[in-house]
Amino acid sequence: MGNDRTGNRSAGGGRAGDGLASSGRPALSVGFLLTNNFTLTALSSFIDALRLAADEGDGSRPIRCHWHVLGNADEPRKSSCGIAVAPDTPYDFDLSGLDYLVVVGGLLHRGPQLDAQGAACLARAAKAGIALVGVCTGSFVLARSDLMQDRACCVSWYHFRDFIEEFPHLVPVAEQLFVEDRDRITCSGGAGVVDLAAHLIERHLGAQAAQKAMHILQVDPGRAANQSQPPPPVGGPVLDGRVRRAMLMMEQNLGNPLAMEEIAARLKISTRQFERVFQSATGMSPNRFYRLLRLRYGLWMLKTSPRSVTDVALEAGFADCAHFSRHFRDVFGINPSKVRKQAETVEADMILPISGGTSRKTQYDPRFHG
């Protein structure tokens, strides 16, 4: 397995500066393969960053960057939200001019992700030595095509378990936004796609072009590959489907916490039964689990954003700063305001408990912590 997991080695052949490679072609040319039920945000975020870097101002002319959506023009590809995108470049396009071929993934387990022509196009690109990129669940497509051998592969923590169950021989990484391992780049998806696009733009066109795209998109300056993904729910492996659904509801409602009665109602069980099965599966009450989840989210914000402690407290669903700080100290043994000053020390010690007690280390399953 290669050691370049943070994007320090160039996989493409462009030249930063004037936006043109020595051959006179655009310095950055990217092709996109859309899977069935692909994630629209991943595609639009990547292309928007390219178009803003490709021209002066907001002209959007493909001068310094080119992009192509490969496929059959008469067969629009439907995204996971139902919006269809019509390809603009046929599968038999000459791939030799591409710096990267990006596979845009989406929903899993909804049938084949690529049709036969798309799979053949991907294989042709790999044989030609073109750098392959998998965003969102595009990493699954690359792995299923046997194109990730002996390479680290970035996946979202949300799909981490799916990945290790399907590909036990591969090395998944769920603690980073994206991973570059030689001629393969994989990205967890979401907002991290913009960071990956900015990273490639900076490599081929220079920092100014990348900064311009990020500023117009009103996105904070590009995060590095090894920037942490937002944290997943706390806890070890859980077999009970009802408890897993409850955990997901909690994770999706951090700022405005759901009442236990509402979660139980959505699961179609009584509140008492819900509390009992949750305690049995996780070793703690659902209220405590939910609070730990929100505290961990607060910890992540304190370590990765300039927000005030009060803003973090409210974003994590606490009534006020005092309420947040009290629970934060109980679990982590430190005041929130000190986290940024002691980030390295804090990170080494802050393993959340997954069963009874506070401020202590217990068994920890990294698969569920990113």
# chains A, B, ... in the order shown; residues from 1 in each chain; ligands from 1
>>> select_by_dssp(residues="stretch 116-301 of chain A", states="strand (DSSP E or B)", output="list in words")
Ala131, Leu132, Val133, Gly134, Val135, Ala152, Cys153, Cys154, Val171, Pro172, Val173, Phe178, Val179, Glu180, Asp181, Arg184, Ile185, Thr186 and Cys187 of chain A
>>> write_last_selection(atoms="C-alpha atoms", output="PDB file, in the first residue's frame")
ATOM      1  CA  ALA A 131      -5.868   8.804 -12.072  1.00  0.00           C
ATOM      2  CA  LEU A 132      -9.206   7.483 -10.807  1.00  0.00           C
ATOM      3  CA  VAL A 133     -11.284   9.312  -8.220  1.00  0.00           C
ATOM      4  CA  GLY A 134     -14.183   7.900  -6.226  1.00  0.00           C
ATOM      5  CA  VAL A 135     -16.435  10.358  -4.402  1.00  0.00           C
ATOM      6  CA  ALA A 152      -5.999   2.908   1.194  1.00  0.00           C
ATOM      7  CA  CYS A 153      -9.585   3.893   0.505  1.00  0.00           C
ATOM      8  CA  CYS A 154     -11.528   6.746   2.082  1.00  0.00           C
ATOM      9  CA  VAL A 171      -7.860  -0.723   3.990  1.00  0.00           C
ATOM     10  CA  PRO A 172     -10.740   1.711   4.663  1.00  0.00           C
ATOM     11  CA  VAL A 173     -10.084   5.137   6.152  1.00  0.00           C
ATOM     12  CA  PHE A 178     -10.202  12.285   1.299  1.00  0.00           C
ATOM     13  CA  VAL A 179      -7.244   9.976   0.726  1.00  0.00           C
ATOM     14  CA  GLU A 180      -4.756   9.939  -2.132  1.00  0.00           C
ATOM     15  CA  ASP A 181      -2.838   6.726  -2.643  1.00  0.00           C
ATOM     16  CA  ARG A 184      -6.313   6.579  -6.750  1.00  0.00           C
ATOM     17  CA  ILE A 185      -8.145   9.297  -4.836  1.00  0.00           C
ATOM     18  CA  THR A 186     -11.198   8.549  -2.730  1.00  0.00           C
ATOM     19  CA  CYS A 187     -13.401  11.031  -0.905  1.00  0.00           C
TER      20      CYS A 187
END
>>> residues_around(residues="A:Tyr290", least_positions_apart="4", cutoff="9 Å", atoms="only C-alpha atoms", output="ChimeraX atom specification")
/A:233-234,247,250-251,254,257,285-286,294-295
>>> write_last_selection(atoms="N, CA, C and O atoms", output="PDB file, in the first residue's frame")
ATOM      1  N   PRO A 233     -21.927   8.585  15.238  1.00  0.00           N
ATOM      2  CA  PRO A 233     -22.454   8.312  16.573  1.00  0.00           C
ATOM      3  C   PRO A 233     -21.449   7.540  17.406  1.00  0.00           C
ATOM      4  O   PRO A 233     -20.639   6.783  16.893  1.00  0.00           O
ATOM      5  N   VAL A 234     -21.507   7.736  18.728  1.00  0.00           N
ATOM      6  CA  VAL A 234     -20.647   6.967  19.625  1.00  0.00           C
ATOM      7  C   VAL A 234     -21.241   5.586  19.797  1.00  0.00           C
ATOM      8  O   VAL A 234     -22.397   5.351  19.507  1.00  0.00           O
ATOM      9  N   MET A 247     -30.255   5.531  16.719  1.00  0.00           N
ATOM     10  CA  MET A 247     -28.970   6.228  16.678  1.00  0.00           C
ATOM     11  C   MET A 247     -28.897   7.176  15.489  1.00  0.00           C
ATOM     12  O   MET A 247     -28.404   8.309  15.598  1.00  0.00           O
ATOM     13  N   MET A 250     -30.944  10.253  16.094  1.00  0.00           N
ATOM     14  CA  MET A 250     -30.236  11.160  17.003  1.00  0.00           C
ATOM     15  C   MET A 250     -29.146  11.920  16.264  1.00  0.00           C
ATOM     16  O   MET A 250     -28.997  13.138  16.422  1.00  0.00           O
ATOM     17  N   GLU A 251     -28.356  11.211  15.462  1.00  0.00           N
ATOM     18  CA  GLU A 251     -27.256  11.836  14.728  1.00  0.00           C
ATOM     19  C   GLU A 251     -27.763  12.903  13.763  1.00  0.00           C
ATOM     20  O   GLU A 251     -27.107  13.911  13.530  1.00  0.00           O
ATOM     21  N   LEU A 254     -29.077  16.742  15.951  1.00  0.00           N
ATOM     22  CA  LEU A 254     -28.200  17.142  17.045  1.00  0.00           C
ATOM     23  C   LEU A 254     -28.578  18.502  17.611  1.00  0.00           C
ATOM     24  O   LEU A 254     -28.609  18.698  18.819  1.00  0.00           O
ATOM     25  N   PRO A 257     -32.655  18.339  19.626  1.00  0.00           N
ATOM     26  CA  PRO A 257     -32.799  16.951  20.062  1.00  0.00           C
ATOM     27  C   PRO A 257     -34.251  16.488  20.115  1.00  0.00           C
ATOM     28  O   PRO A 257     -35.147  17.230  20.522  1.00  0.00           O
ATOM     29  N   SER A 285     -28.467   4.394  28.811  1.00  0.00           N
ATOM     30  CA  SER A 285     -29.803   4.861  28.459  1.00  0.00           C
ATOM     31  C   SER A 285     -29.742   5.668  27.163  1.00  0.00           C
ATOM     32  O   SER A 285     -28.701   6.235  26.816  1.00  0.00           O
ATOM     33  N   PRO A 286     -30.844   5.737  26.418  1.00  0.00           N
ATOM     34  CA  PRO A 286     -30.835   6.550  25.194  1.00  0.00           C
ATOM     35  C   PRO A 286     -30.576   8.022  25.474  1.00  0.00           C
ATOM     36  O   PRO A 286     -29.936   8.707  24.665  1.00  0.00           O
ATOM     37  N   ARG A 294     -24.018  14.411  21.290  1.00  0.00           N
ATOM     38  CA  ARG A 294     -24.000  15.866  21.103  1.00  0.00           C
ATOM     39  C   ARG A 294     -22.739  16.489  21.677  1.00  0.00           C
ATOM     40  O   ARG A 294     -22.190  17.450  21.127  1.00  0.00           O
ATOM     41  N   LEU A 295     -22.242  15.934  22.784  1.00  0.00           N
ATOM     42  CA  LEU A 295     -20.984  16.430  23.347  1.00  0.00           C
ATOM     43  C   LEU A 295     -19.820  16.144  22.410  1.00  0.00           C
ATOM     44  O   LEU A 295     -18.922  16.976  22.246  1.00  0.00           O
TER      45      LEU A 295
END
>>> closest_residue(among="A:Ala49, A:Ala120, A:Val30, A:Ile216", to="A:Ala198", atoms="only C-alpha atoms")
A:Ala49
>>> closest_residue(among="A:Pro62, A:Pro87, A:Gly57, A:Gly138", to="A:Asp74", atoms="only C-alpha atoms")
A:Pro87
>>> closest_residue(among="A:Gly241, A:Gly189, A:Pro112, A:Gly129", to="A:Ser156", atoms="only C-alpha atoms")
A:Gly189
>>> closest_residue(among="A:Leu43, A:Gln273, A:Met260, A:Asp330", to="A:Leu292", atoms="only C-alpha atoms")
A:Asp330
>>> closest_residue(among="A:Arg223, A:Lys338, A:Arg266, A:Arg272", to="A:Leu299", atoms="only C-alpha atoms")
A:Lys338
>>> residues_around(residues="A:Gly105", least_positions_apart="4", cutoff="8 Å", atoms="only C-alpha atoms", output="list in words")
Leu34, Thr35, Asn36, Asn37, Phe38, Thr39, Gln113, Gly134, Val135, Cys136, Thr137, Gly138, Ser139, Phe140 and Val141 of chain A
>>> write_last_selection(atoms="C-alpha atoms", output="JSON list (two decimals), in the first residue's frame")
[["chain", "number", "residue", "atom", "x", "y", "z"],
["A", 34, "LEU", "CA", -22.35, 8.96, -12.83],
["A", 35, "THR", "CA", -23.64, 5.88, -11.05],
["A", 36, "ASN", "CA", -27.29, 4.97, -10.82],
["A", 37, "ASN", "CA", -28.82, 7.04, -7.99],
["A", 38, "PHE", "CA", -25.68, 9.19, -7.77],
["A", 39, "THR", "CA", -25.43, 12.04, -5.27],
["A", 113, "GLN", "CA", -24.08, 1.21, -10.01],
["A", 134, "GLY", "CA", -14.18, 7.90, -6.23],
["A", 135, "VAL", "CA", -16.44, 10.36, -4.40],
["A", 136, "CYS", "CA", -19.25, 9.46, -2.03],
["A", 137, "THR", "CA", -19.76, 5.72, -2.63],
["A", 138, "GLY", "CA", -17.65, 5.90, -5.78],
["A", 139, "SER", "CA", -15.06, 4.11, -3.64],
["A", 140, "PHE", "CA", -17.33, 1.06, -3.68],
["A", 141, "VAL", "CA", -17.42, 1.14, -7.48]]
>>> closest_residue(among="A:Ile83, A:Val69, A:Ala42, A:Leu293", to="A:Gly106", atoms="only C-alpha atoms")
A:Ala42
>>> residues_around(residues="A:Asp92", least_positions_apart="3", cutoff="9 Å", atoms="only C-alpha atoms", output="VMD selection string")
chain A and resid 70 to 71 89 95 117 121
